[in-house]
$ cat data.json   # JSON, C-alpha atoms and all ligand atoms
[["chain", "number", "residue", "atom", "x", "y", "z"],
["A", 55, "MET", "CA", 151.20, 138.76, 114.36],
["A", 56, "LYS", "CA", 148.59, 139.33, 117.09],
["A", 57, "LYS", "CA", 147.40, 142.41, 115.24],
["A", 58, "ILE", "CA", 146.81, 140.42, 112.02],
["A", 59, "LYS", "CA", 144.91, 137.79, 113.99],
["A", 60, "ARG", "CA", 142.70, 140.48, 115.51],
["A", 61, "ILE", "CA", 141.98, 141.99, 112.08],
["A", 62, "VAL", "CA", 141.07, 138.59, 110.61],
["A", 63, "LEU", "CA", 138.78, 137.79, 113.55],
["A", 64, "SER", "CA", 137.07, 141.19, 113.23],
["A", 65, "CYS", "CA", 136.52, 140.61, 109.50],
["A", 66, "VAL", "CA", 134.99, 137.17, 110.13],
["A", 67, "LEU", "CA", 132.75, 138.64, 112.84],
["A", 68, "VAL", "CA", 131.59, 141.46, 110.56],
["A", 69, "LEU", "CA", 130.88, 138.91, 107.80],
["A", 70, "ILE", "CA", 128.83, 136.70, 110.13],
["A", 71, "ILE", "CA", 126.85, 139.67, 111.48],
["A", 72, "GLY", "CA", 126.32, 140.94, 107.91],
["A", 73, "LEU", "CA", 125.02, 137.56, 106.72],
["A", 74, "ALA", "CA", 122.79, 137.22, 109.79],
["A", 75, "LEU", "CA", 121.30, 140.66, 109.09],
["A", 76, "VAL", "CA", 120.69, 139.78, 105.42],
["A", 77, "PHE", "CA", 118.93, 136.54, 106.35],
["A", 78, "LEU", "CA", 116.91, 138.26, 109.08],
["A", 79, "ALA", "CA", 115.79, 140.95, 106.64],
["A", 80, "LYS", "CA", 115.23, 138.50, 103.77],
["A", 81, "PRO", "CA", 114.66, 135.03, 105.23],
["A", 82, "HIS", "CA", 113.75, 133.62, 101.81],
["A", 83, "PHE", "CA", 117.43, 134.04, 100.79],
["A", 84, "LEU", "CA", 118.24, 131.18, 103.14],
["A", 85, "TYR", "CA", 115.54, 129.05, 101.52],
["A", 86, "ILE", "CA", 116.87, 129.88, 98.02],
["A", 87, "LEU", "CA", 120.42, 129.04, 99.13],
["A", 88, "GLY", "CA", 119.20, 125.66, 100.44],
["A", 89, "GLU", "CA", 117.46, 124.85, 97.15],
["A", 90, "HIS", "CA", 120.48, 126.11, 95.21],
["A", 91, "ILE", "CA", 122.81, 123.64, 96.89],
["A", 92, "GLY", "CA", 120.14, 120.92, 97.05],
["A", 93, "VAL", "CA", 119.77, 120.41, 100.79],
["A", 94, "ASN", "CA", 116.45, 118.57, 100.34],
["A", 95, "CYS", "CA", 117.64, 116.35, 97.49],
["A", 96, "LYS", "CA", 117.95, 112.60, 98.00],
["A", 97, "LYS", "CA", 120.00, 111.16, 95.15],
["A", 98, "ILE", "CA", 118.15, 108.61, 93.05],
["A", 99, "GLU", "CA", 120.15, 105.86, 91.34],
["A", 100, "MET", "CA", 119.41, 105.30, 87.67],
["A", 101, "ASN", "CA", 120.07, 101.59, 87.33],
["A", 102, "THR", "CA", 120.17, 100.15, 83.82],
["A", 103, "VAL", "CA", 118.42, 96.82, 83.39],
["A", 104, "SER", "CA", 118.52, 94.26, 80.61],
["A", 105, "LEU", "CA", 115.12, 93.03, 79.51],
["A", 106, "ASP", "CA", 114.75, 89.62, 77.84],
["A", 107, "ASN", "CA", 111.26, 89.86, 76.52],
["A", 108, "ILE", "CA", 111.63, 92.75, 74.09],
["A", 109, "LYS", "CA", 109.48, 93.17, 71.00],
["A", 110, "LYS", "CA", 109.42, 95.81, 68.26],
["A", 111, "PHE", "CA", 106.25, 97.80, 67.77],
["A", 112, "SER", "CA", 105.45, 100.34, 65.06],
["A", 113, "LEU", "CA", 104.32, 103.78, 66.20],
["A", 114, "SER", "CA", 100.90, 103.25, 64.61],
["A", 115, "GLU", "CA", 100.53, 99.92, 66.38],
["A", 116, "LEU", "CA", 101.38, 101.60, 69.71],
["A", 117, "LYS", "CA", 99.01, 104.49, 69.03],
["A", 118, "ALA", "CA", 96.18, 102.03, 68.53],
["A", 119, "ASP", "CA", 97.01, 100.11, 71.72],
["A", 120, "ALA", "CA", 94.70, 100.90, 74.64],
["A", 121, "LYS", "CA", 97.54, 100.19, 77.08],
["A", 122, "VAL", "CA", 99.61, 103.06, 75.66],
["A", 123, "SER", "CA", 98.96, 106.74, 76.11],
["A", 124, "PHE", "CA", 100.87, 109.20, 73.99],
["A", 125, "ASN", "CA", 101.38, 112.68, 75.42],
["A", 126, "GLN", "CA", 103.78, 115.63, 75.10],
["A", 127, "SER", "CA", 105.09, 115.62, 78.67],
["A", 128, "MET", "CA", 108.77, 115.00, 77.90],
["A", 129, "MET", "CA", 109.29, 117.54, 75.14],
["A", 130, "LEU", "CA", 112.47, 119.57, 75.47],
["A", 131, "ILE", "CA", 111.78, 123.10, 74.30],
["A", 132, "ASN", "CA", 114.50, 125.74, 74.32],
["A", 133, "SER", "CA", 116.49, 127.97, 71.95],
["A", 134, "ASP", "CA", 118.53, 125.00, 70.66],
["A", 135, "CYS", "CA", 115.57, 122.67, 70.47],
["A", 136, "GLN", "CA", 112.72, 124.68, 69.04],
["A", 137, "LEU", "CA", 109.16, 123.64, 68.25],
["A", 138, "GLN", "CA", 108.68, 122.50, 64.66],
["A", 139, "ASP", "CA", 106.19, 124.20, 62.33],
["A", 140, "ASP", "CA", 103.90, 121.16, 62.38],
["A", 141, "PHE", "CA", 103.74, 121.02, 66.21],
["A", 142, "ILE", "CA", 100.20, 121.05, 67.55],
["A", 143, "PRO", "CA", 99.85, 121.30, 71.34],
["A", 144, "SER", "CA", 97.30, 118.97, 72.97],
["A", 145, "LEU", "CA", 95.34, 121.60, 74.84],
["A", 146, "SER", "CA", 92.23, 121.69, 76.93],
["A", 147, "ALA", "CA", 90.64, 124.24, 79.25],
["A", 148, "TYR", "CA", 91.50, 123.88, 82.95],
["A", 149, "LYS", "CA", 88.34, 122.89, 84.83],
["A", 150, "ASP", "CA", 85.64, 125.45, 83.93],
["A", 151, "THR", "CA", 88.05, 128.34, 83.29],
["A", 152, "ASP", "CA", 89.30, 129.78, 80.01],
["A", 153, "VAL", "CA", 92.91, 128.89, 80.97],
["A", 154, "LYS", "CA", 94.29, 126.55, 78.32],
["A", 155, "ILE", "CA", 96.88, 124.03, 79.45],
["A", 156, "ASN", "CA", 98.34, 120.86, 78.00],
["A", 157, "GLU", "CA", 95.89, 118.07, 78.69],
["A", 158, "CYS", "CA", 98.56, 115.80, 80.20],
["A", 159, "LEU", "CA", 98.85, 118.03, 83.28],
["A", 160, "GLN", "CA", 95.15, 118.67, 83.96],
["A", 161, "GLU", "CA", 94.85, 116.17, 86.76],
["A", 162, "ALA", "CA", 98.34, 116.79, 88.21],
["A", 163, "TYR", "CA", 97.87, 120.56, 88.39],
["A", 164, "GLY", "CA", 94.57, 120.07, 90.22],
["A", 165, "ARG", "CA", 96.33, 117.91, 92.80],
["A", 166, "LEU", "CA", 99.24, 120.38, 93.17],
["A", 167, "SER", "CA", 97.00, 123.41, 93.69],
["A", 168, "GLN", "CA", 94.90, 121.51, 96.21],
["A", 169, "ALA", "CA", 98.06, 120.49, 98.12],
["A", 170, "VAL", "CA", 99.27, 124.13, 98.19],
["A", 171, "ASP", "CA", 95.92, 125.21, 99.56],
["A", 172, "GLU", "CA", 95.92, 122.51, 102.25],
["A", 173, "ALA", "CA", 99.56, 123.06, 103.29],
["A", 174, "THR", "CA", 99.69, 126.86, 103.26],
["A", 175, "GLY", "CA", 96.11, 128.15, 103.10],
["A", 176, "SER", "CA", 96.93, 130.06, 99.89],
["A", 177, "LYS", "CA", 95.16, 129.69, 96.59],
["A", 178, "LEU", "CA", 97.46, 129.11, 93.66],
["A", 179, "PHE", "CA", 96.67, 131.12, 90.51],
["A", 180, "VAL", "CA", 98.00, 130.87, 86.97],
["A", 181, "SER", "CA", 99.12, 134.14, 85.37],
["A", 182, "SER", "CA", 100.27, 132.62, 82.10],
["A", 183, "ALA", "CA", 99.63, 129.21, 80.60],
["A", 184, "TYR", "CA", 99.37, 128.47, 76.87],
["A", 185, "ARG", "CA", 100.51, 131.24, 74.51],
["A", 186, "THR", "CA", 100.21, 131.31, 70.75],
["A", 187, "LYS", "CA", 103.36, 131.82, 68.68],
["A", 188, "GLU", "CA", 102.19, 135.38, 67.94],
["A", 189, "GLU", "CA", 101.70, 136.16, 71.65],
["A", 190, "GLN", "CA", 105.19, 134.82, 72.38],
["A", 191, "GLN", "CA", 106.60, 136.93, 69.53],
["A", 192, "GLU", "CA", 105.00, 140.05, 71.06],
["A", 193, "LEU", "CA", 106.45, 139.31, 74.53],
["A", 194, "TYR", "CA", 109.87, 138.65, 73.04],
["A", 195, "LYS", "CA", 109.73, 141.93, 71.12],
["A", 196, "GLU", "CA", 108.80, 143.81, 74.32],
["A", 197, "ASP", "CA", 111.65, 142.36, 76.40],
["A", 198, "PRO", "CA", 114.00, 139.70, 74.98],
["A", 199, "SER", "CA", 115.77, 139.47, 78.34],
["A", 200, "THR", "CA", 112.74, 137.97, 80.09],
["A", 201, "ALA", "CA", 110.93, 136.08, 77.30],
["A", 202, "ASN", "CA", 112.13, 133.28, 75.08],
["A", 203, "PRO", "CA", 111.92, 133.74, 71.31],
["A", 204, "PRO", "CA", 108.89, 132.18, 69.58],
["A", 205, "ASP", "CA", 109.14, 128.39, 69.19],
["A", 206, "ALA", "CA", 111.64, 128.28, 72.08],
["A", 207, "SER", "CA", 109.02, 128.83, 74.78],
["A", 208, "GLU", "CA", 107.31, 126.08, 76.74],
["A", 209, "HIS", "CA", 104.24, 128.29, 76.95],
["A", 210, "GLN", "CA", 103.51, 127.44, 73.31],
["A", 211, "SER", "CA", 103.07, 123.82, 74.36],
["A", 212, "GLY", "CA", 100.87, 124.51, 77.39],
["A", 213, "LEU", "CA", 103.33, 122.41, 79.45],
["A", 214, "GLY", "CA", 104.76, 125.38, 81.37],
["A", 215, "LEU", "CA", 102.71, 127.52, 83.75],
["A", 216, "ASP", "CA", 103.53, 130.76, 85.55],
["A", 217, "VAL", "CA", 101.95, 130.58, 88.99],
["A", 218, "TYR", "CA", 101.46, 133.05, 91.84],
["A", 219, "VAL", "CA", 99.53, 133.69, 95.02],
["A", 220, "ARG", "CA", 97.64, 136.85, 95.96],
["A", 221, "TYR", "CA", 99.99, 139.87, 96.22],
["A", 222, "TYR", "CA", 103.06, 137.75, 95.41],
["A", 223, "ALA", "CA", 103.83, 137.18, 91.73],
["A", 224, "GLY", "CA", 107.12, 136.88, 89.86],
["A", 225, "PHE", "CA", 110.15, 136.72, 92.12],
["A", 226, "GLY", "CA", 108.00, 137.70, 95.12],
["A", 227, "PHE", "CA", 106.36, 134.25, 94.87],
["A", 228, "ILE", "CA", 109.39, 132.61, 96.53],
["A", 229, "LYS", "CA", 108.96, 134.82, 99.62],
["A", 230, "THR", "CA", 105.71, 133.02, 100.43],
["A", 231, "ASP", "CA", 105.09, 129.65, 102.06],
["A", 232, "ALA", "CA", 103.14, 128.66, 98.95],
["A", 233, "GLY", "CA", 106.09, 129.59, 96.69],
["A", 234, "GLN", "CA", 108.49, 127.59, 98.81],
["A", 235, "PHE", "CA", 106.08, 124.66, 98.95],
["A", 236, "VAL", "CA", 105.77, 124.69, 95.14],
["A", 237, "ASN", "CA", 109.54, 124.93, 94.65],
["A", 238, "SER", "CA", 110.43, 122.06, 96.95],
["A", 239, "LYS", "CA", 107.38, 119.80, 96.57],
["A", 240, "CYS", "CA", 106.02, 120.20, 93.05],
["A", 241, "TRP", "CA", 108.04, 117.16, 91.93],
["A", 242, "GLU", "CA", 105.68, 115.02, 94.00],
["A", 243, "TYR", "CA", 102.95, 116.03, 91.55],
["A", 244, "GLY", "CA", 105.02, 115.54, 88.38],
["A", 245, "PHE", "CA", 106.26, 119.15, 88.02],
["A", 246, "ILE", "CA", 109.73, 120.70, 88.05],
["A", 247, "ILE", "CA", 111.00, 124.25, 88.46],
["A", 248, "ARG", "CA", 112.11, 124.48, 84.85],
["A", 249, "TYR", "CA", 114.66, 127.26, 85.38],
["A", 250, "PRO", "CA", 116.28, 126.52, 88.76],
["A", 251, "SER", "CA", 118.80, 128.90, 90.34],
["A", 252, "TYR", "CA", 121.62, 126.42, 89.67],
["A", 253, "GLY", "CA", 120.71, 125.78, 86.03],
["A", 254, "LYS", "CA", 121.48, 128.96, 84.08],
["A", 255, "SER", "CA", 124.49, 127.52, 82.24],
["A", 256, "LYS", "CA", 122.32, 124.59, 81.04],
["A", 257, "THR", "CA", 118.94, 126.25, 80.46],
["A", 258, "GLY", "CA", 120.21, 129.67, 79.37],
["A", 259, "MET", "CA", 117.58, 131.18, 81.67],
["A", 260, "LYS", "CA", 117.93, 132.86, 85.03],
["A", 261, "TYR", "CA", 116.07, 131.51, 88.07],
["A", 262, "GLU", "CA", 112.28, 131.58, 87.64],
["A", 263, "PRO", "CA", 110.69, 130.25, 90.85],
["A", 264, "TRP", "CA", 107.23, 130.84, 89.34],
["A", 265, "HIS", "CA", 107.56, 128.81, 86.12],
["A", 266, "ILE", "CA", 106.55, 125.20, 86.70],
["A", 267, "ARG", "CA", 106.77, 122.56, 84.00],
["A", 268, "TYR", "CA", 105.01, 119.20, 83.86],
["A", 269, "VAL", "CA", 107.15, 116.17, 82.99],
["A", 270, "GLY", "CA", 105.24, 113.49, 84.92],
["A", 271, "GLU", "CA", 106.39, 110.80, 87.27],
["A", 272, "PRO", "CA", 109.01, 109.54, 87.99],
["A", 273, "HIS", "CA", 110.92, 112.06, 85.84],
["A", 274, "ALA", "CA", 110.12, 115.05, 88.09],
["A", 275, "GLU", "CA", 111.27, 113.10, 91.14],
["A", 276, "ILE", "CA", 114.58, 112.21, 89.47],
["A", 277, "ILE", "CA", 115.23, 115.71, 88.11],
["A", 278, "TYR", "CA", 114.60, 117.39, 91.48],
["A", 279, "ASN", "CA", 116.41, 114.89, 93.66],
["A", 280, "ASN", "CA", 119.41, 114.54, 91.36],
["A", 281, "HIS", "CA", 119.62, 118.34, 91.15],
["A", 282, "LEU", "CA", 119.36, 118.39, 87.36],
["A", 283, "THR", "CA", 117.84, 120.52, 84.64],
["A", 284, "LEU", "CA", 115.54, 119.00, 82.01],
["A", 285, "GLU", "CA", 118.36, 119.45, 79.46],
["A", 286, "GLU", "CA", 120.79, 117.41, 81.58],
["A", 287, "TYR", "CA", 118.24, 114.72, 82.40],
["A", 288, "ILE", "CA", 117.24, 114.04, 78.79],
["A", 289, "GLN", "CA", 120.89, 114.02, 77.68],
["A", 290, "SER", "CA", 121.72, 111.59, 80.48],
["A", 291, "LEU", "CA", 119.30, 108.95, 79.10],
["A", 292, "ILE", "CA", 121.35, 106.81, 76.72],
["A", 293, "CYS", "CA", 119.24, 105.96, 73.69],
["A", 294, "GLY", "CA", 118.14, 102.32, 73.70],
["A", 295, "ASP", "CA", 118.97, 101.62, 77.36],
["A", 296, "TRP", "CA", 116.31, 100.73, 79.94],
["A", 297, "TYR", "CA", 116.44, 102.22, 83.42],
["A", 298, "GLU", "CA", 114.58, 101.04, 86.48],
["A", 299, "VAL", "CA", 113.62, 103.73, 88.96],
["A", 300, "ASP", "CA", 111.17, 103.47, 91.81],
["A", 301, "GLY", "CA", 108.91, 100.85, 90.20],
["A", 302, "TYR", "CA", 109.09, 102.41, 86.73],
["A", 303, "LEU", "CA", 110.93, 101.40, 83.58],
["A", 304, "ILE", "CA", 112.24, 104.26, 81.44],
["A", 305, "SER", "CA", 113.77, 104.18, 77.99],
["A", 306, "ARG", "CA", 114.69, 106.87, 75.48],
["A", 307, "GLN", "CA", 114.60, 105.53, 71.94],
["A", 308, "LYS", "CA", 115.10, 106.75, 68.43],
["A", 309, "PRO", "CA", 112.74, 104.88, 66.10],
["A", 310, "ASP", "CA", 114.73, 102.40, 63.97],
["A", 311, "ASP", "CA", 114.87, 102.59, 60.15],
["A", 312, "ASN", "CA", 111.40, 101.05, 59.97],
["A", 313, "GLY", "CA", 109.97, 103.48, 62.52],
["A", 314, "MET", "CA", 109.80, 100.87, 65.29],
["A", 315, "LEU", "CA", 110.26, 101.21, 69.06],
["A", 316, "SER", "CA", 111.18, 98.33, 71.39],
["A", 317, "LEU", "CA", 109.07, 97.55, 74.45],
["A", 318, "PRO", "CA", 108.70, 94.55, 76.74],
["A", 319, "CYS", "CA", 106.21, 92.07, 75.17],
["A", 320, "ASP", "CA", 103.83, 92.02, 78.09],
["A", 321, "PHE", "CA", 103.88, 95.56, 79.50],
["A", 322, "SER", "CA", 100.72, 96.54, 81.33],
["A", 323, "ASN", "CA", 100.61, 100.26, 80.52],
["A", 324, "ALA", "CA", 102.98, 102.80, 79.04],
["A", 325, "VAL", "CA", 103.23, 106.54, 78.51],
["A", 326, "ILE", "CA", 105.18, 107.60, 75.41],
["A", 327, "SER", "CA", 106.22, 111.15, 74.65],
["A", 328, "PHE", "CA", 108.25, 112.57, 71.77],
["A", 329, "ASP", "CA", 111.17, 114.47, 73.34],
["A", 330, "ASN", "CA", 111.61, 117.03, 70.52],
["A", 331, "THR", "CA", 115.19, 115.84, 69.90],
["A", 332, "GLY", "CA", 114.19, 113.01, 67.50],
["A", 333, "SER", "CA", 113.62, 110.38, 70.20],
["A", 334, "TYR", "CA", 110.72, 109.09, 72.26],
["A", 335, "ILE", "CA", 110.72, 108.61, 76.02],
["A", 336, "ILE", "CA", 108.86, 105.51, 77.14],
["A", 337, "THR", "CA", 107.69, 105.25, 80.76],
["A", 338, "ILE", "CA", 106.21, 102.02, 82.03],
["A", 339, "ALA", "CA", 104.60, 102.12, 85.45],
["A", 340, "ASN", "CA", 104.12, 99.39, 88.04],
["A", 341, "ILE", "CA", 106.56, 96.98, 86.51],
["A", 342, "ASP", "CA", 106.35, 93.43, 87.69],
["A", 343, "SER", "CA", 109.26, 91.08, 87.94],
["A", 344, "GLU", "CA", 108.06, 89.01, 84.95],
["A", 345, "LEU", "CA", 109.12, 91.78, 82.59],
["A", 346, "LYS", "CA", 112.76, 91.53, 83.63],
["A", 401, "ZN", "ZN", 106.80, 131.08, 82.17]]
$ encode --input "data.json" --output "structure tokens"
Amino acid sequence: MKKIKRIVLSCVLVLIIGLALVFLAKPHFLYILGEHIGVNCKKIEMNTVSLDNIKKFSLSELKADAKVSFNQSMMLINSDCQLQDDFIPSLSAYKDTDVKINECLQEAYGRLSQAVDEATGSKLFVSSAYRTKEEQQELYKEDPSTANPPDASEHQSGLGLDVYVRYYAGFGFIKTDAGQFVNSKCWEYGFIIRYPSYGKSKTGMKYEPWHIRYVGEPHAEIIYNNHLTLEEYIQSLICGDWYEVDGYLISRQKPDDNGMLSLPCDFSNAVISFDNTGSYIITIANIDSELK
């Protein structure tokens, strides 16, 4: 009996020493493990609210309303939910570079890269932003294990960016302070790590610590803190319901038979994005109590 106890204790000791050596040699493994289990996450409640003052608006009416901005920030793009032939990304060049990104993330990416610089002293670069369908096709042909098929890649929308710092691109990015800052803080700027280490069964993609995706606020905050993937988050929004989170109202809606969406009568400003599943996601910021 004593002998068995000694063997078990020796095994445990060897395991502890082995793990300690691994983490000493590769300290970023500990960081990845923490993100994998969500040590920094603070669960956010998604409370449904009933709104009294609801009115139906046609899409054209909303598009003409100065209080509403339509963008593409909440589009779900993957192998099951591919871009349609008539999809046109809303692109613009980032600052005075020739890097084309979706215009909805221009300002947010500027703030994120400035925060990385201030926090870590490293300059954040973009290795891949918008790609045409043909460019995606080429990448997919070269290596289907690392690239999505055409029309299933976020790069065709300009919403996903591959980022790096000097000498550390790809998986090496997560070894750096800047990579770890981006992975655990990008939600504060409206971005998510689109293919997190815990999400392969939902996204179909292995961990990509370098691929950031803009979804805007408060969606990025909810996805990160509730340890979700974009697929799970969008599916969790019950069509027609309104949720109140952190001063925002959120609703996912399928247009009715007359192509109408429902919004509070006296909303002050709203962002509306098609989600690429047939619905729209409405985000109303700075709600005041009169709306409820
Ligand atoms: Zn990418």
$ closest_atom_pairs --input "data.json" --of "chain A" --to "ligand ZN 401 (chain A)" --cutoff "12 Å" --atoms "only C-alpha atoms and all ligand atoms" --output "JSON lines"
{"residue": "A:Val180", "atom": "CA", "partner": "A:ZN401", "partner_atom": "ZN", "distance": 10.0}
{"residue": "A:Ser181", "atom": "CA", "partner": "A:ZN401", "partner_atom": "ZN", "distance": 8.9}
{"residue": "A:Ser182", "atom": "CA", "partner": "A:ZN401", "partner_atom": "ZN", "distance": 6.7}
{"residue": "A:Ala183", "atom": "CA", "partner": "A:ZN401", "partner_atom": "ZN", "distance": 7.6}
{"residue": "A:Tyr184", "atom": "CA", "partner": "A:ZN401", "partner_atom": "ZN", "distance": 9.5}
{"residue": "A:Arg185", "atom": "CA", "partner": "A:ZN401", "partner_atom": "ZN", "distance": 9.9}
{"residue": "A:Gln190", "atom": "CA", "partner": "A:ZN401", "partner_atom": "ZN", "distance": 10.6}
{"residue": "A:Leu193", "atom": "CA", "partner": "A:ZN401", "partner_atom": "ZN", "distance": 11.2}
{"residue": "A:Thr200", "atom": "CA", "partner": "A:ZN401", "partner_atom": "ZN", "distance": 9.3}
{"residue": "A:Ala201", "atom": "CA", "partner": "A:ZN401", "partner_atom": "ZN", "distance": 8.1}
{"residue": "A:Asn202", "atom": "CA", "partner": "A:ZN401", "partner_atom": "ZN", "distance": 9.1}
{"residue": "A:Ala206", "atom": "CA", "partner": "A:ZN401", "partner_atom": "ZN", "distance": 11.5}
{"residue": "A:Ser207", "atom": "CA", "partner": "A:ZN401", "partner_atom": "ZN", "distance": 8.0}
{"residue": "A:Glu208", "atom": "CA", "partner": "A:ZN401", "partner_atom": "ZN", "distance": 7.4}
{"residue": "A:His209", "atom": "CA", "partner": "A:ZN401", "partner_atom": "ZN", "distance": 6.4}
{"residue": "A:Gln210", "atom": "CA", "partner": "A:ZN401", "partner_atom": "ZN", "distance": 10.1}
{"residue": "A:Ser211", "atom": "CA", "partner": "A:ZN401", "partner_atom": "ZN", "distance": 11.3}
{"residue": "A:Gly212", "atom": "CA", "partner": "A:ZN401", "partner_atom": "ZN", "distance": 10.1}
{"residue": "A:Leu213", "atom": "CA", "partner": "A:ZN401", "partner_atom": "ZN", "distance": 9.7}
{"residue": "A:Gly214", "atom": "CA", "partner": "A:ZN401", "partner_atom": "ZN", "distance": 6.1}
{"residue": "A:Leu215", "atom": "CA", "partner": "A:ZN401", "partner_atom": "ZN", "distance": 5.6}
{"residue": "A:Asp216", "atom": "CA", "partner": "A:ZN401", "partner_atom": "ZN", "distance": 4.7}
{"residue": "A:Val217", "atom": "CA", "partner": "A:ZN401", "partner_atom": "ZN", "distance": 8.4}
{"residue": "A:Tyr218", "atom": "CA", "partner": "A:ZN401", "partner_atom": "ZN", "distance": 11.2}
{"residue": "A:Ala223", "atom": "CA", "partner": "A:ZN401", "partner_atom": "ZN", "distance": 11.7}
{"residue": "A:Gly224", "atom": "CA", "partner": "A:ZN401", "partner_atom": "ZN", "distance": 9.6}
{"residue": "A:Phe225", "atom": "CA", "partner": "A:ZN401", "partner_atom": "ZN", "distance": 11.9}
{"residue": "A:Ile247", "atom": "CA", "partner": "A:ZN401", "partner_atom": "ZN", "distance": 10.2}
{"residue": "A:Arg248", "atom": "CA", "partner": "A:ZN401", "partner_atom": "ZN", "distance": 8.9}
{"residue": "A:Tyr249", "atom": "CA", "partner": "A:ZN401", "partner_atom": "ZN", "distance": 9.3}
{"residue": "A:Met259", "atom": "CA", "partner": "A:ZN401", "partner_atom": "ZN", "distance": 10.8}
{"residue": "A:Lys260", "atom": "CA", "partner": "A:ZN401", "partner_atom": "ZN", "distance": 11.6}
{"residue": "A:Tyr261", "atom": "CA", "partner": "A:ZN401", "partner_atom": "ZN", "distance": 11.0}
{"residue": "A:Glu262", "atom": "CA", "partner": "A:ZN401", "partner_atom": "ZN", "distance": 7.8}
{"residue": "A:Pro263", "atom": "CA", "partner": "A:ZN401", "partner_atom": "ZN", "distance": 9.5}
{"residue": "A:Trp264", "atom": "CA", "partner": "A:ZN401", "partner_atom": "ZN", "distance": 7.2}
{"residue": "A:His265", "atom": "CA", "partner": "A:ZN401", "partner_atom": "ZN", "distance": 4.6}
{"residue": "A:Ile266", "atom": "CA", "partner": "A:ZN401", "partner_atom": "ZN", "distance": 7.4}
{"residue": "A:Arg267", "atom": "CA", "partner": "A:ZN401", "partner_atom": "ZN", "distance": 8.7}
$ atom_distance --input "data.json" --atom1 "CA of Pro81 (chain A)" --atom2 "CA of Arg220 (chain A)"
19.5 Å
$ atom_distance --input "data.json" --atom1 "CA of Ser199 (chain A)" --atom2 "CA of Ser251 (chain A)"
16.3 Å
$ atom_distance --input "data.json" --atom1 "CA of Gly294 (chain A)" --atom2 "CA of Arg306 (chain A)"
6.0 Å
$ closest_residue --input "data.json" --among "A:Ile288, A:Gln191, A:Asn101, A:Ser255" --to "Gly301 (chain A)" --atoms "all atoms listed in the file"
A:Asn101
$ closest_residue --input "data.json" --among "A:Leu116, A:Ile142, A:Leu137, A:Ile155" --to "Ala324 (chain A)" --atoms "all atoms listed in the file"
A:Leu116
$ residues_around --input "data.json" --residues "Trp241 (chain A)" --least-positions-apart "3" --cutoff "10 Å" --atoms "only C-alpha atoms" --output "number ranges by chain"
A: 166, 236-238, 244-247, 266-279
$ write_last_selection --input "data.json" --atoms "C-alpha atoms" --output "short mmCIF file (atom, residue, chain, number, x, y, z; two decimals), keeping the file's coordinate frame"
data_model
loop_
_atom_site.label_atom_id
_atom_site.label_comp_id
_atom_site.auth_asym_id
_atom_site.auth_seq_id
_atom_site.Cartn_x
_atom_site.Cartn_y
_atom_site.Cartn_z
CA LEU A 166 99.24 120.38 93.17
CA VAL A 236 105.77 124.69 95.14
CA ASN A 237 109.54 124.93 94.65
CA SER A 238 110.43 122.06 96.95
CA GLY A 244 105.02 115.54 88.38
CA PHE A 245 106.26 119.15 88.02
CA ILE A 246 109.73 120.70 88.05
CA ILE A 247 111.00 124.25 88.46
CA ILE A 266 106.55 125.20 86.70
CA ARG A 267 106.77 122.56 84.00
CA TYR A 268 105.01 119.20 83.86
CA VAL A 269 107.15 116.17 82.99
CA GLY A 270 105.24 113.49 84.92
CA GLU A 271 106.39 110.80 87.27
CA PRO A 272 109.01 109.54 87.99
CA HIS A 273 110.92 112.06 85.84
CA ALA A 274 110.12 115.05 88.09
CA GLU A 275 111.27 113.10 91.14
CA ILE A 276 114.58 112.21 89.47
CA ILE A 277 115.23 115.71 88.11
CA TYR A 278 114.60 117.39 91.48
CA ASN A 279 116.41 114.89 93.66
#
$ closest_atom_pairs --input "data.json" --of "region 215-308 of chain A" --to "region 313-319 of chain A" --cutoff "12 Å" --atoms "all atoms listed in the file" --output "CSV"
residue,atom,partner,partner_atom,distance
A:Cys293,CA,A:Leu315,CA,11.2
A:Gly294,CA,A:Ser316,CA,8.3
A:Asp295,CA,A:Ser316,CA,10.4
A:Trp296,CA,A:Leu317,CA,9.6
A:Leu303,CA,A:Pro318,CA,9.9
A:Ile304,CA,A:Leu317,CA,10.2
A:Ser305,CA,A:Leu317,CA,8.9
A:Arg306,CA,A:Leu315,CA,9.6
A:Gln307,CA,A:Leu315,CA,6.8
A:Lys308,CA,A:Leu315,CA,7.4
$ write_last_selection --input "data.json" --atoms "C-alpha atoms" --output "mmCIF file, keeping the file's coordinate frame"
data_model
loop_
_atom_site.group_PDB
_atom_site.id
_atom_site.type_symbol
_atom_site.label_atom_id
_atom_site.label_comp_id
_atom_site.auth_asym_id
_atom_site.auth_seq_id
_atom_site.Cartn_x
_atom_site.Cartn_y
_atom_site.Cartn_z
ATOM 1 C CA CYS A 293 119.240 105.960 73.690
ATOM 2 C CA GLY A 294 118.140 102.320 73.700
ATOM 3 C CA ASP A 295 118.970 101.620 77.360
ATOM 4 C CA TRP A 296 116.310 100.730 79.940
ATOM 5 C CA LEU A 303 110.930 101.400 83.580
ATOM 6 C CA ILE A 304 112.240 104.260 81.440
ATOM 7 C CA SER A 305 113.770 104.180 77.990
ATOM 8 C CA ARG A 306 114.690 106.870 75.480
ATOM 9 C CA GLN A 307 114.600 105.530 71.940
ATOM 10 C CA LYS A 308 115.100 106.750 68.430
#
$ closest_residue --input "data.json" --among "A:Gln160, A:Ser176, A:Ser322, A:Ser123" --to "Ala147 (chain A)" --atoms "all atoms listed in the file"
A:Gln160
$ closest_residue --input "data.json" --among "A:Ser144, A:Thr230, A:Asn94, A:Thr102" --to "Thr174 (chain A)" --atoms "only C-alpha atoms"
A:Thr230
$ closest_residue --input "data.json" --among "A:Ile61, A:Val170, A:His281, A:Gln126" --to "Val93 (chain A)" --atoms "all atoms listed in the file"
A:His281
